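Undergrad: So I've got this file, data-v1.txt, and it contains compact mmCIF, C-alpha atoms:
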# COMPACT_ATOMS: atom_id res chain seq x y z
CA MET A 85 15.02 56.67 -17.54
CA LYS A 86 16.59 53.32 -18.26
CA SER A 87 17.41 52.13 -21.75
CA MET A 88 14.63 50.64 -23.87
CA PRO A 89 15.71 49.46 -27.34
CA VAL A 90 12.91 49.19 -29.86
CA MET A 91 12.51 47.77 -33.33
CA VAL A 92 9.81 49.39 -35.44
CA ASP A 93 8.37 48.73 -38.84
CA ILE A 94 6.93 51.92 -40.30
CA CYS A 95 4.85 52.63 -43.38
CA LEU A 96 4.13 56.36 -43.70
CA VAL A 97 1.39 57.30 -46.19
CA PRO A 98 0.96 60.95 -47.24
CA LEU A 99 -2.58 61.86 -48.35
CA GLY A 100 -3.62 64.60 -50.74
CA VAL A 101 -0.47 64.37 -52.88
CA GLY A 102 -1.52 61.83 -55.51
CA VAL A 103 -0.53 58.20 -55.84
CA SER A 104 3.26 58.42 -56.30
CA LEU A 105 4.77 58.34 -52.84
CA GLY A 106 8.39 57.40 -53.52
CA GLU A 107 9.82 60.84 -52.85
CA TYR A 108 8.19 60.98 -49.41
CA VAL A 109 9.46 57.54 -48.47
CA ALA A 110 12.93 58.56 -49.68
CA ALA A 111 12.80 61.65 -47.46
CA CYS A 112 12.09 59.43 -44.47
CA GLN A 113 15.07 57.22 -45.32
CA THR A 114 17.19 60.35 -45.15
CA VAL A 115 15.72 61.19 -41.75
CA PHE A 116 16.65 57.75 -40.41
CA GLN A 117 20.15 58.01 -41.88
CA GLN A 118 20.75 61.49 -40.45
CA ALA A 119 19.58 60.22 -37.05
CA GLY A 120 22.31 57.58 -37.16
CA LEU A 121 19.78 54.75 -36.82
CA ASN A 122 20.07 51.27 -38.30
CA TYR A 123 17.29 50.94 -40.90
CA GLN A 124 16.31 48.75 -43.82
CA LEU A 125 13.78 49.57 -46.51
CA HIS A 126 11.46 46.83 -47.77
CA ALA A 127 8.66 46.85 -50.34
CA TYR A 128 5.92 47.89 -47.88
CA GLY A 129 7.70 49.80 -45.11
CA THR A 130 11.01 50.30 -43.31
CA ASN A 131 12.55 48.48 -40.35
CA VAL A 132 14.28 50.82 -37.87
CA GLU A 133 16.08 49.86 -34.66
CA GLY A 134 17.60 51.91 -31.85
CA GLU A 135 16.83 53.47 -28.52
CA TRP A 136 13.12 54.24 -28.06
CA ASP A 137 13.54 58.03 -27.77
CA ALA A 138 15.86 58.26 -30.80
CA VAL A 139 13.61 56.11 -32.98
CA MET A 140 10.46 57.98 -31.97
CA ALA A 141 12.12 61.37 -32.51
CA ALA A 142 12.94 60.21 -36.05
CA VAL A 143 9.34 59.08 -36.63
CA LYS A 144 8.11 62.50 -35.52
CA ARG A 145 10.68 64.16 -37.79
CA CYS A 146 9.36 62.07 -40.71
CA HIS A 147 5.86 63.45 -40.14
CA GLU A 148 7.22 67.00 -39.91
CA VAL A 149 9.33 66.64 -43.06
CA VAL A 150 6.53 65.09 -45.12
CA HIS A 151 4.13 67.86 -44.04
CA GLU A 152 6.79 70.43 -44.98
CA MET A 153 7.02 68.76 -48.42
CA GLY A 154 3.36 69.65 -48.89
CA ALA A 155 1.32 66.70 -47.67
CA PRO A 156 -1.68 68.09 -45.74
CA ARG A 157 -2.47 64.72 -44.12
CA ILE A 158 -0.47 61.64 -43.15
CA THR A 159 -1.54 58.21 -41.95
CA THR A 160 1.23 55.94 -40.72
CA SER A 161 1.03 52.30 -39.74
CA MET A 162 3.71 51.06 -37.41
CA ARG A 163 4.72 47.98 -35.45
CA LEU A 164 6.82 48.45 -32.32
CA GLY A 165 8.69 45.62 -30.62
CA THR A 166 10.41 45.76 -27.24
CA ARG A 167 11.80 42.98 -25.06
CA THR A 168 13.48 42.80 -21.69
CA ASP A 169 14.61 39.17 -21.81
CA ARG A 170 17.45 39.71 -24.27
CA HIS A 171 18.67 41.95 -27.04
CA GLN A 172 17.60 40.94 -30.54
CA SER A 173 18.77 42.88 -33.59
CA MET A 174 17.03 43.00 -36.95
CA GLN A 175 19.57 40.48 -38.22
CA ASP A 176 18.94 38.21 -35.20
CA LYS A 177 15.23 38.22 -36.04
CA LEU A 178 15.90 37.28 -39.63
CA ASP A 179 18.30 34.53 -38.54
CA SER A 180 15.77 33.06 -36.10
CA VAL A 181 13.52 32.34 -39.07
CA THR A 182 15.98 31.50 -41.84
CA GLN A 183 17.93 29.03 -39.69
CA ARG A 184 14.75 27.03 -39.34
CA LEU A 185 14.14 27.15 -43.08
CA VAL A 186 17.59 25.65 -43.68
CA VAL A 187 16.79 22.89 -41.20
CA ASP A 188 13.61 22.14 -43.13
CA ASP A 189 15.54 21.38 -46.32
CA MET B 203 8.85 72.93 -31.76
CA LYS B 204 5.43 73.85 -33.05
CA SER B 205 2.30 71.97 -32.08
CA MET B 206 1.49 68.71 -33.87
CA PRO B 207 -1.74 67.04 -32.75
CA VAL B 208 -1.93 63.33 -33.49
CA MET B 209 -4.60 60.67 -33.38
CA VAL B 210 -3.34 57.14 -32.83
CA ASP B 211 -4.94 53.76 -32.75
CA ILE B 212 -2.91 51.39 -30.63
CA CYS B 213 -3.08 47.65 -30.01
CA LEU B 214 -0.40 46.53 -27.55
CA VAL B 215 0.21 42.76 -27.38
CA PRO B 216 2.30 41.31 -24.51
CA LEU B 217 4.05 38.03 -25.37
CA GLY B 218 5.07 35.29 -22.98
CA VAL B 219 2.19 35.87 -20.56
CA GLY B 220 -0.43 33.50 -21.95
CA VAL B 221 -3.56 34.32 -23.93
CA SER B 222 -5.54 36.51 -21.49
CA LEU B 223 -4.42 40.05 -22.10
CA GLY B 224 -7.22 42.08 -20.51
CA GLU B 225 -5.26 43.18 -17.46
CA TYR B 226 -2.46 44.59 -19.64
CA VAL B 227 -4.87 46.48 -21.84
CA ALA B 228 -6.56 47.84 -18.71
CA ALA B 229 -3.20 49.04 -17.39
CA CYS B 230 -2.70 50.99 -20.61
CA GLN B 231 -6.13 52.61 -20.24
CA THR B 232 -4.97 53.82 -16.85
CA VAL B 233 -1.80 55.23 -18.41
CA PHE B 234 -3.84 57.21 -20.95
CA GLN B 235 -6.19 58.44 -18.24
CA GLN B 236 -3.38 59.55 -15.94
CA ALA B 237 -1.77 61.35 -18.88
CA GLY B 238 -4.96 63.40 -19.26
CA LEU B 239 -5.44 62.25 -22.86
CA ASN B 240 -8.72 61.73 -24.66
CA TYR B 241 -9.00 58.01 -25.39
CA GLN B 242 -11.60 55.44 -26.37
CA LEU B 243 -11.29 51.67 -26.09
CA HIS B 244 -12.68 49.48 -28.88
CA ALA B 245 -12.69 45.73 -29.39
CA TYR B 246 -9.27 45.58 -31.11
CA GLY B 247 -7.36 48.60 -29.84
CA THR B 248 -7.66 52.08 -28.36
CA ASN B 249 -8.02 55.49 -30.03
CA VAL B 250 -5.94 58.21 -28.34
CA GLU B 251 -5.69 61.86 -29.34
CA GLY B 252 -3.53 64.74 -28.13
CA GLU B 253 -0.25 66.51 -28.74
CA TRP B 254 2.34 64.25 -30.41
CA ASP B 255 4.83 64.34 -27.51
CA ALA B 256 2.19 63.67 -24.86
CA VAL B 257 0.65 60.78 -26.78
CA MET B 258 4.02 59.20 -27.57
CA ALA B 259 5.18 59.57 -23.96
CA ALA B 260 2.05 57.65 -22.94
CA VAL B 261 2.74 54.93 -25.52
CA LYS B 262 6.27 54.54 -24.13
CA ARG B 263 4.85 54.44 -20.60
CA CYS B 264 2.49 51.64 -21.68
CA HIS B 265 5.46 49.54 -22.83
CA GLU B 266 7.31 50.25 -19.57
CA VAL B 267 4.29 49.40 -17.40
CA VAL B 268 3.50 46.17 -19.25
CA HIS B 269 7.14 45.06 -18.99
CA GLU B 270 7.03 45.88 -15.26
CA MET B 271 3.90 43.70 -14.98
CA GLY B 272 6.05 40.78 -16.16
CA ALA B 273 5.76 40.62 -19.92
CA PRO B 274 9.23 39.88 -21.36
CA ARG B 275 8.26 40.90 -24.88
CA ILE B 276 5.72 43.28 -26.44
CA THR B 277 4.62 43.81 -30.02
CA THR B 278 2.40 46.81 -30.66
CA SER B 279 0.59 47.78 -33.82
CA MET B 280 -0.29 51.43 -34.18
CA ARG B 281 -1.79 53.87 -36.67
CA LEU B 282 -0.78 57.52 -36.41
CA GLY B 283 -2.66 60.31 -38.14
CA THR B 284 -1.57 63.94 -38.43
CA ARG B 285 -2.92 66.75 -40.57
CA THR B 286 -2.02 70.36 -41.10
CA ASP B 287 -5.08 71.44 -43.11
CA ARG B 288 -7.46 71.49 -40.14
CA HIS B 289 -8.10 70.03 -36.74
CA GLN B 290 -10.18 66.87 -36.68
CA SER B 291 -11.13 65.22 -33.40
CA MET B 292 -12.05 61.57 -32.93
CA GLN B 293 -15.70 62.62 -32.87
CA ASP B 294 -15.23 64.64 -36.09
CA LYS B 295 -13.85 61.54 -37.79
CA LEU B 296 -16.80 59.44 -36.67
CA ASP B 297 -19.22 62.16 -37.79
CA SER B 298 -17.62 62.40 -41.25
CA VAL B 299 -18.62 58.78 -41.82
CA THR B 300 -21.93 58.50 -39.99
CA GLN B 301 -23.37 61.65 -41.56
CA ARG B 302 -22.96 59.98 -44.93
CA LEU B 303 -24.63 56.83 -43.69
CA VAL B 304 -27.66 58.84 -42.63
CA VAL B 305 -27.79 60.43 -46.07
CA ASP B 306 -27.76 56.97 -47.62
CA ASP B 307 -30.94 55.94 -45.81
CA MET C 43 -13.02 23.32 -44.22
CA LYS C 44 -13.80 23.72 -40.54
CA SER C 45 -15.12 26.95 -39.07
CA MET C 46 -12.64 29.70 -38.20
CA PRO C 47 -14.21 32.83 -36.69
CA VAL C 48 -12.10 35.96 -37.00
CA MET C 49 -12.21 39.46 -35.61
CA VAL C 50 -10.57 42.11 -37.73
CA ASP C 51 -9.87 45.76 -37.33
CA ILE C 52 -9.64 47.45 -40.69
CA CYS C 53 -8.59 50.92 -41.79
CA LEU C 54 -8.87 51.33 -45.56
CA VAL C 55 -7.12 54.38 -47.04
CA PRO C 56 -7.84 55.42 -50.66
CA LEU C 57 -4.98 57.31 -52.33
CA GLY C 58 -5.24 59.82 -55.15
CA VAL C 59 -8.65 61.14 -54.11
CA GLY C 60 -7.69 64.01 -51.83
CA VAL C 61 -7.84 64.17 -48.04
CA SER C 62 -11.55 63.70 -47.33
CA LEU C 63 -12.12 59.99 -47.01
CA GLY C 64 -15.46 59.80 -45.22
CA GLU C 65 -17.51 58.72 -48.24
CA TYR C 66 -15.17 55.78 -48.89
CA VAL C 67 -15.31 54.65 -45.28
CA ALA C 68 -19.09 54.95 -45.38
CA ALA C 69 -19.20 52.76 -48.51
CA CYS C 70 -17.29 50.08 -46.62
CA GLN C 71 -19.78 50.24 -43.73
CA THR C 72 -22.47 49.50 -46.28
CA VAL C 73 -20.46 46.53 -47.56
CA PHE C 74 -20.20 45.08 -44.05
CA GLN C 75 -23.90 45.67 -43.43
CA GLN C 76 -24.96 44.05 -46.69
CA ALA C 77 -22.73 41.07 -45.86
CA GLY C 78 -24.70 40.59 -42.63
CA LEU C 79 -21.57 40.93 -40.50
CA ASN C 80 -21.35 42.37 -37.02
CA TYR C 81 -19.29 45.57 -37.27
CA GLN C 82 -18.53 48.69 -35.28
CA LEU C 83 -17.00 51.90 -36.58
CA HIS C 84 -14.46 53.74 -34.41
CA ALA C 85 -12.44 56.88 -35.02
CA TYR C 86 -9.53 55.14 -36.77
CA GLY C 87 -11.00 51.99 -38.30
CA THR C 88 -13.80 49.45 -38.05
CA ASN C 89 -14.11 46.24 -36.04
CA VAL C 90 -15.70 43.37 -37.97
CA GLU C 91 -16.39 39.84 -36.73
CA GLY C 92 -17.64 36.69 -38.45
CA GLU C 93 -16.50 33.60 -40.27
CA TRP C 94 -13.07 34.04 -41.93
CA ASP C 95 -14.33 33.57 -45.49
CA ALA C 96 -17.28 35.93 -45.06
CA VAL C 97 -15.18 38.65 -43.45
CA MET C 98 -12.41 38.39 -46.04
CA ALA C 99 -14.92 38.42 -48.91
CA ALA C 100 -16.25 41.69 -47.47
CA VAL C 101 -12.74 43.14 -47.21
CA LYS C 102 -12.14 42.28 -50.87
CA ARG C 103 -15.49 43.82 -51.77
CA CYS C 104 -14.45 47.03 -49.97
CA HIS C 105 -11.35 47.29 -52.16
CA GLU C 106 -13.43 46.65 -55.29
CA VAL C 107 -16.07 49.21 -54.32
CA VAL C 108 -13.56 51.92 -53.42
CA HIS C 109 -11.71 51.38 -56.71
CA GLU C 110 -15.06 51.60 -58.53
CA MET C 111 -15.69 54.92 -56.75
CA GLY C 112 -12.57 56.24 -58.47
CA ALA C 113 -9.64 55.61 -56.15
CA PRO C 114 -6.69 54.41 -58.25
CA ARG C 115 -4.78 53.11 -55.25
CA ILE C 116 -5.68 51.77 -51.80
CA THR C 117 -3.56 50.93 -48.78
CA THR C 118 -5.32 49.13 -45.96
CA SER C 119 -4.03 48.32 -42.50
CA MET C 120 -5.70 45.44 -40.75
CA ARG C 121 -5.45 43.37 -37.58
CA LEU C 122 -6.79 39.82 -37.65
CA GLY C 123 -7.45 37.79 -34.52
CA THR C 124 -8.30 34.09 -34.37
CA ARG C 125 -8.44 31.71 -31.41
CA THR C 126 -9.16 28.05 -30.97
CA ASP C 127 -9.38 27.98 -27.16
CA ARG C 128 -12.76 29.67 -26.94
CA HIS C 129 -15.12 32.01 -28.72
CA GLN C 130 -14.70 35.68 -27.85
CA SER C 131 -16.99 38.30 -29.37
CA MET C 132 -16.19 42.00 -29.77
CA GLN C 133 -18.29 42.67 -26.67
CA ASP C 134 -16.43 39.94 -24.73
CA LYS C 135 -13.13 41.63 -25.59
CA LEU C 136 -14.39 44.99 -24.39
CA ASP C 137 -15.73 43.41 -21.19
CA SER C 138 -12.42 41.69 -20.45
CA VAL C 139 -10.84 45.13 -20.19
CA THR C 140 -13.60 47.23 -18.68
CA GLN C 141 -14.34 44.74 -15.92
CA ARG C 142 -10.77 45.20 -14.74
CA LEU C 143 -11.13 48.97 -14.86
CA VAL C 144 -14.13 48.74 -12.56
CA VAL C 145 -12.14 46.55 -10.18
CA ASP C 146 -9.43 49.19 -10.12
CA ASP C 147 -11.78 51.86 -8.78
CA MET D 105 -14.46 38.16 -60.97
CA LYS D 106 -11.77 40.27 -62.61
CA SER D 107 -8.13 40.12 -61.58
CA MET D 108 -7.02 42.12 -58.53
CA PRO D 109 -3.29 41.85 -57.71
CA VAL D 110 -2.40 42.71 -54.13
CA MET D 111 0.77 43.29 -52.19
CA VAL D 112 0.57 42.54 -48.49
CA ASP D 113 2.92 42.93 -45.58
CA ILE D 114 2.06 40.43 -42.88
CA CYS D 115 3.27 39.97 -39.31
CA LEU D 116 1.61 36.97 -37.67
CA VAL D 117 1.96 36.74 -33.88
CA PRO D 118 1.03 33.50 -32.07
CA LEU D 119 -0.03 33.99 -28.44
CA GLY D 120 0.23 31.49 -25.62
CA VAL D 121 3.39 29.81 -26.95
CA GLY D 122 6.11 31.82 -25.24
CA VAL D 123 8.36 34.48 -26.70
CA SER D 124 10.28 32.55 -29.38
CA LEU D 125 8.23 32.79 -32.54
CA GLY D 126 10.77 31.89 -35.23
CA GLU D 127 9.37 28.42 -35.94
CA TYR D 128 5.89 29.82 -36.56
CA VAL D 129 7.19 32.50 -38.90
CA ALA D 130 9.20 29.83 -40.72
CA ALA D 131 6.06 27.71 -41.14
CA CYS D 132 4.34 30.67 -42.81
CA GLN D 133 7.28 31.11 -45.21
CA THR D 134 6.71 27.49 -46.22
CA VAL D 135 3.01 28.22 -46.78
CA PHE D 136 3.85 31.13 -49.09
CA GLN D 137 6.42 29.03 -50.96
CA GLN D 138 4.04 26.10 -51.43
CA ALA D 139 1.41 28.52 -52.71
CA GLY D 140 3.83 29.62 -55.43
CA LEU D 141 3.68 33.25 -54.31
CA ASN D 142 6.47 35.79 -54.53
CA TYR D 143 7.46 36.66 -50.95
CA GLN D 144 10.29 38.29 -49.03
CA LEU D 145 10.96 38.03 -45.31
CA HIS D 146 12.13 41.12 -43.42
CA ALA D 147 12.92 41.71 -39.76
CA TYR D 148 9.34 42.57 -38.74
CA GLY D 149 7.11 40.80 -41.27
CA THR D 150 6.92 39.36 -44.76
CA ASN D 151 6.02 40.97 -48.10
CA VAL D 152 3.82 38.78 -50.30
CA GLU D 153 2.47 39.60 -53.76
CA GLY D 154 0.04 37.84 -56.06
CA GLU D 155 -3.61 37.61 -56.99
CA TRP D 156 -5.91 38.64 -54.12
CA ASP D 157 -7.59 35.25 -53.72
CA ALA D 158 -4.31 33.32 -53.78
CA VAL D 159 -2.63 35.63 -51.28
CA MET D 160 -5.61 35.62 -48.92
CA ALA D 161 -5.92 31.83 -49.13
CA ALA D 162 -2.28 31.63 -48.04
CA VAL D 163 -2.89 34.04 -45.15
CA LYS D 164 -5.79 31.86 -43.99
CA ARG D 165 -3.59 28.76 -44.34
CA CYS D 166 -0.96 30.45 -42.14
CA HIS D 167 -3.53 30.91 -39.37
CA GLU D 168 -4.65 27.28 -39.73
CA VAL D 169 -1.09 25.92 -39.69
CA VAL D 170 -0.01 27.99 -36.69
CA HIS D 171 -3.10 26.90 -34.75
CA GLU D 172 -2.31 23.28 -35.70
CA MET D 173 1.22 23.81 -34.34
CA GLY D 174 -0.37 24.50 -30.96
CA ALA D 175 -0.97 28.25 -30.75
CA PRO D 176 -4.38 28.81 -29.15
CA ARG D 177 -4.55 32.44 -30.25
CA ILE D 178 -3.12 34.50 -33.10
CA THR D 179 -3.06 38.22 -33.74
CA THR D 180 -1.84 39.31 -37.17
CA SER D 181 -1.13 42.79 -38.42
CA MET D 182 -1.27 43.26 -42.15
CA ARG D 183 -1.03 45.98 -44.80
CA LEU D 184 -2.79 45.40 -48.11
CA GLY D 185 -2.10 47.46 -51.22
CA THR D 186 -4.07 47.39 -54.46
CA ARG D 187 -3.99 49.72 -57.45
CA THR D 188 -5.84 49.95 -60.71
CA ASP D 189 -3.70 52.59 -62.41
CA ARG D 190 -0.76 50.29 -63.13
CA HIS D 191 1.00 47.16 -61.99
CA GLN D 192 3.74 47.68 -59.41
CA SER D 193 5.81 44.75 -58.15
CA MET D 194 7.67 44.61 -54.84
CA GLN D 195 10.86 45.40 -56.74
CA ASP D 196 9.17 48.36 -58.48
CA LYS D 197 8.20 49.76 -55.08
CA LEU D 198 11.75 49.44 -53.78
CA ASP D 199 13.11 51.05 -56.96
CA SER D 200 10.72 54.00 -56.70
CA VAL D 201 12.39 54.89 -53.40
CA THR D 202 16.01 53.91 -53.99
CA GLN D 203 16.22 55.70 -57.35
CA ARG D 204 15.41 58.90 -55.50
CA LEU D 205 18.04 58.18 -52.89
CA VAL D 206 20.66 57.86 -55.63
CA VAL D 207 19.51 61.18 -57.07
CA ASP D 208 19.96 62.75 -53.65
CA ASP D 209 23.64 61.79 -53.49
What do you get writing this file as structure tokens?
TA:
Amino acid sequence: MKSMPVMVDICLVPLGVGVSLGEYVAACQTVFQQAGLNYQLHAYGTNVEGEWDAVMAAVKRCHEVVHEMGAPRITTSMRLGTRTDRHQSMQDKLDSVTQRLVVDD
Amino acid sequence: MKSMPVMVDICLVPLGVGVSLGEYVAACQTVFQQAGLNYQLHAYGTNVEGEWDAVMAAVKRCHEVVHEMGAPRITTSMRLGTRTDRHQSMQDKLDSVTQRLVVDD
Amino acid sequence: MKSMPVMVDICLVPLGVGVSLGEYVAACQTVFQQAGLNYQLHAYGTNVEGEWDAVMAAVKRCHEVVHEMGAPRITTSMRLGTRTDRHQSMQDKLDSVTQRLVVDD
Amino acid sequence: MKSMPVMVDICLVPLGVGVSLGEYVAACQTVFQQAGLNYQLHAYGTNVEGEWDAVMAAVKRCHEVVHEMGAPRITTSMRLGTRTDRHQSMQDKLDSVTQRLVVDD
């Protein structure tokens, strides 16, 4: 199988464990770190980039870990971006927007 | 690895191919069918249920197929639901809502 | 303000109320019905179509109602589609895919 | 109508305008700024927080502006979070995760 880099934005929501979810999100950050992936937390999710299979294995591991922590149900929302025209990192995506904002000044 | 059933809702959006996306969505329906998964198209996405690895392999195949059809870029939005307390099929989820609607009459 | 029809797909998730969410989803169906909107439940969300302001007022009402039912926290995932080239109903979107599936046979 | 603060994460995707979307995302940043909202761009979307009506008016304005820029079709994916138990800012949400990561060291 040929290489397919992917950038995802993931927001994992454990259900049945109350309203404080920080410890579950933190556990997922650890999963991404241990997988050696490039990731960046934001206020409503986490950006993760890498090879498709590595990123998706980490997403699966997040579900497994959060269930093991005691959450009986999980609902995750995720965006997945792939492109074949060129490589674009998370920083490239940010730059493509912020460069235009500078121009607008 | 133990079994982990998942229900996803996926909306794959090819970029750089104009505004008519029906043929790409149809190609993904074929991917789900050929994978032997239970799936149901709706007006803004597709429900798919099955084992995690089988469903995610089909999602990856959708990205590969749509790129092969000529789309240089894809952005997908997806919900992923897992639960360890009990099995709940797509029909079970629908029933859990519609039974209450009947009661409300 | 000129007309802007929108189609949304909404999945509202109450937090802090356990893992059985059917009654909350059912309450939202009632909100959409009372708003006179065209809507269709599926296994992982609800399609709703109408004028932007009417649809968004209903989405806000769903959050209000679910909070009033006792949920201290809500996280909703939503897709929103607008187009200026032509009108496309929920049924039109389904047809644009299923017609191609028939052709494939 | 009583106050309802909301935090959203929005990823607006114009269709029919090619694969370079930076200028459209930049235009939305300007909308959020002109609305006086607190917002933060990340690599796969933008966090925005404020009163429900103000945030949703800005989201609608983004669709209007991007259509005016020439995009015939838009598909947006959005998360919306509300809570009645306490106020939680974007920074609070980040802290609730990163404090736990420090503890894990």
Undergrad: Give one line per residue of chain B that approaches chain C to at most 6 Å, naming the two atoms of the closest pair and their distance in Å to one decimal, counting all atoms listed in the file; sort by chain then ascending residue number and deliver it as CSV.
TA:
residue,atom,partner,partner_atom,distance
B:Gly224,CA,C:Val139,CA,4.7
B:Ala228,CA,C:Val139,CA,5.3
B:Ala245,CA,C:Met132,CA,5.1
B:Met292,CA,C:Ala85,CA,5.1
B:Lys295,CA,C:Ala85,CA,5.6
B:Leu296,CA,C:Ala85,CA,5.3
B:Ser298,CA,C:Gly64,CA,5.2
B:Val299,CA,C:Gly64,CA,4.8
Undergrad: Could you give me the axis-aligned bounding box of region 132-140 of chain D, with 8 Å of padding per side, as centre plus edge lengths in Å to one decimal, as lines of an AutoDock Vina configuration file?
TA:
center_x = 4.3
center_y = 28.6
center_z = -49.1
size_x = 21.9
size_y = 21.0
size_z = 28.6
Undergrad: Excluding Arg275 (chain B) and residues on its chain fewer than 2 positions from it, collect all residues at most 10 Å away from it, counting only C-alpha atoms, and give them as a ChimeraX atom specification.
TA: /A:165-170 /B:215-219,265,268-269,272-273,277 /D:122-124
Undergrad: Work out how far apart CA of Thr160 (chain A) and CA of Val135 (chain D) are and give it in Å to one decimal.
TA: 28.4 Å
Undergrad: Can you measure CA of Cys112 (chain A) to CA of Val149 (chain A) for me? One decimal in Å is fine.
TA: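 CA of Val149 (chain A) lies at a distance of 7.8 Å from CA of Cys112 (chain A).
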Undergrad: Quick one, how far is CA of Tyr123 (chain A) from CA of Glu148 (chain A)?
TA: 19.0 Å
Undergrad: The residues within 10 Å of (1.6, 65.8, -26.5), using only C-alpha atoms and the coordinates of the file, should be reported as a ChimeraX atom specification; which are they?
TA: /B:205-208,237,239,251-260
Undergrad: Missing atoms in region 152-165 of chain A: fill them in up to N, CA, C and O atoms and send the result as an mmCIF file, in the coordinates of the input.
TA:
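Wrote rebuild.cif, looks like this:
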data_model
loop_
_atom_site.group_PDB
_atom_site.id
_atom_site.type_symbol
_atom_site.label_atom_id
_atom_site.label_comp_id
_atom_site.auth_asym_id
_atom_site.auth_seq_id
_atom_site.Cartn_x
_atom_site.Cartn_y
_atom_site.Cartn_z
ATOM 1 N N GLU A 152 6.068 69.294 -44.376
ATOM 2 C CA GLU A 152 6.790 70.430 -44.980
ATOM 3 C C GLU A 152 6.924 70.271 -46.500
ATOM 4 O O GLU A 152 6.996 71.257 -47.230
ATOM 5 N N MET A 153 6.951 69.023 -46.970
ATOM 6 C CA MET A 153 7.020 68.760 -48.420
ATOM 7 C C MET A 153 5.680 69.013 -49.100
ATOM 8 O O MET A 153 5.580 68.923 -50.324
ATOM 9 N N GLY A 154 4.635 69.272 -48.301
ATOM 10 C CA GLY A 154 3.360 69.650 -48.890
ATOM 11 C C GLY A 154 2.193 68.718 -48.654
ATOM 12 O O GLY A 154 1.074 68.990 -49.109
ATOM 13 N N ALA A 155 2.422 67.629 -47.938
ATOM 14 C CA ALA A 155 1.320 66.700 -47.670
ATOM 15 C C ALA A 155 0.456 67.253 -46.532
ATOM 16 O O ALA A 155 0.945 67.433 -45.414
ATOM 17 N N PRO A 156 -0.833 67.515 -46.790
ATOM 18 C CA PRO A 156 -1.680 68.090 -45.740
ATOM 19 C C PRO A 156 -2.125 67.057 -44.694
ATOM 20 O O PRO A 156 -2.565 67.420 -43.619
ATOM 21 N N ARG A 157 -1.983 65.768 -45.030
ATOM 22 C CA ARG A 157 -2.470 64.720 -44.120
ATOM 23 C C ARG A 157 -1.572 63.506 -44.268
ATOM 24 O O ARG A 157 -1.149 63.183 -45.385
ATOM 25 N N ILE A 158 -1.308 62.836 -43.158
ATOM 26 C CA ILE A 158 -0.470 61.640 -43.150
ATOM 27 C C ILE A 158 -1.145 60.572 -42.303
ATOM 28 O O ILE A 158 -1.660 60.871 -41.228
ATOM 29 N N THR A 159 -1.141 59.333 -42.799
ATOM 30 C CA THR A 159 -1.540 58.210 -41.950
ATOM 31 C C THR A 159 -0.421 57.192 -42.001
ATOM 32 O O THR A 159 0.018 56.780 -43.072
ATOM 33 N N THR A 160 0.081 56.843 -40.840
ATOM 34 C CA THR A 160 1.230 55.940 -40.720
ATOM 35 C C THR A 160 0.776 54.663 -40.024
ATOM 36 O O THR A 160 0.000 54.718 -39.074
ATOM 37 N N SER A 161 1.232 53.522 -40.514
ATOM 38 C CA SER A 161 1.030 52.300 -39.740
ATOM 39 C C SER A 161 2.390 51.810 -39.280
ATOM 40 O O SER A 161 3.368 51.872 -40.019
ATOM 41 N N MET A 162 2.434 51.361 -38.042
ATOM 42 C CA MET A 162 3.710 51.060 -37.410
ATOM 43 C C MET A 162 3.572 49.866 -36.479
ATOM 44 O O MET A 162 2.548 49.701 -35.818
ATOM 45 N N ARG A 163 4.590 49.016 -36.486
ATOM 46 C CA ARG A 163 4.720 47.980 -35.450
ATOM 47 C C ARG A 163 5.883 48.368 -34.556
ATOM 48 O O ARG A 163 6.883 48.891 -35.050
ATOM 49 N N LEU A 164 5.760 48.108 -33.265
ATOM 50 C CA LEU A 164 6.820 48.450 -32.320
ATOM 51 C C LEU A 164 7.096 47.246 -31.443
ATOM 52 O O LEU A 164 6.191 46.757 -30.759
ATOM 53 N N GLY A 165 8.328 46.773 -31.428
ATOM 54 C CA GLY A 165 8.690 45.620 -30.620
ATOM 55 C C GLY A 165 9.717 45.955 -29.572
ATOM 56 O O GLY A 165 10.751 46.539 -29.890
#
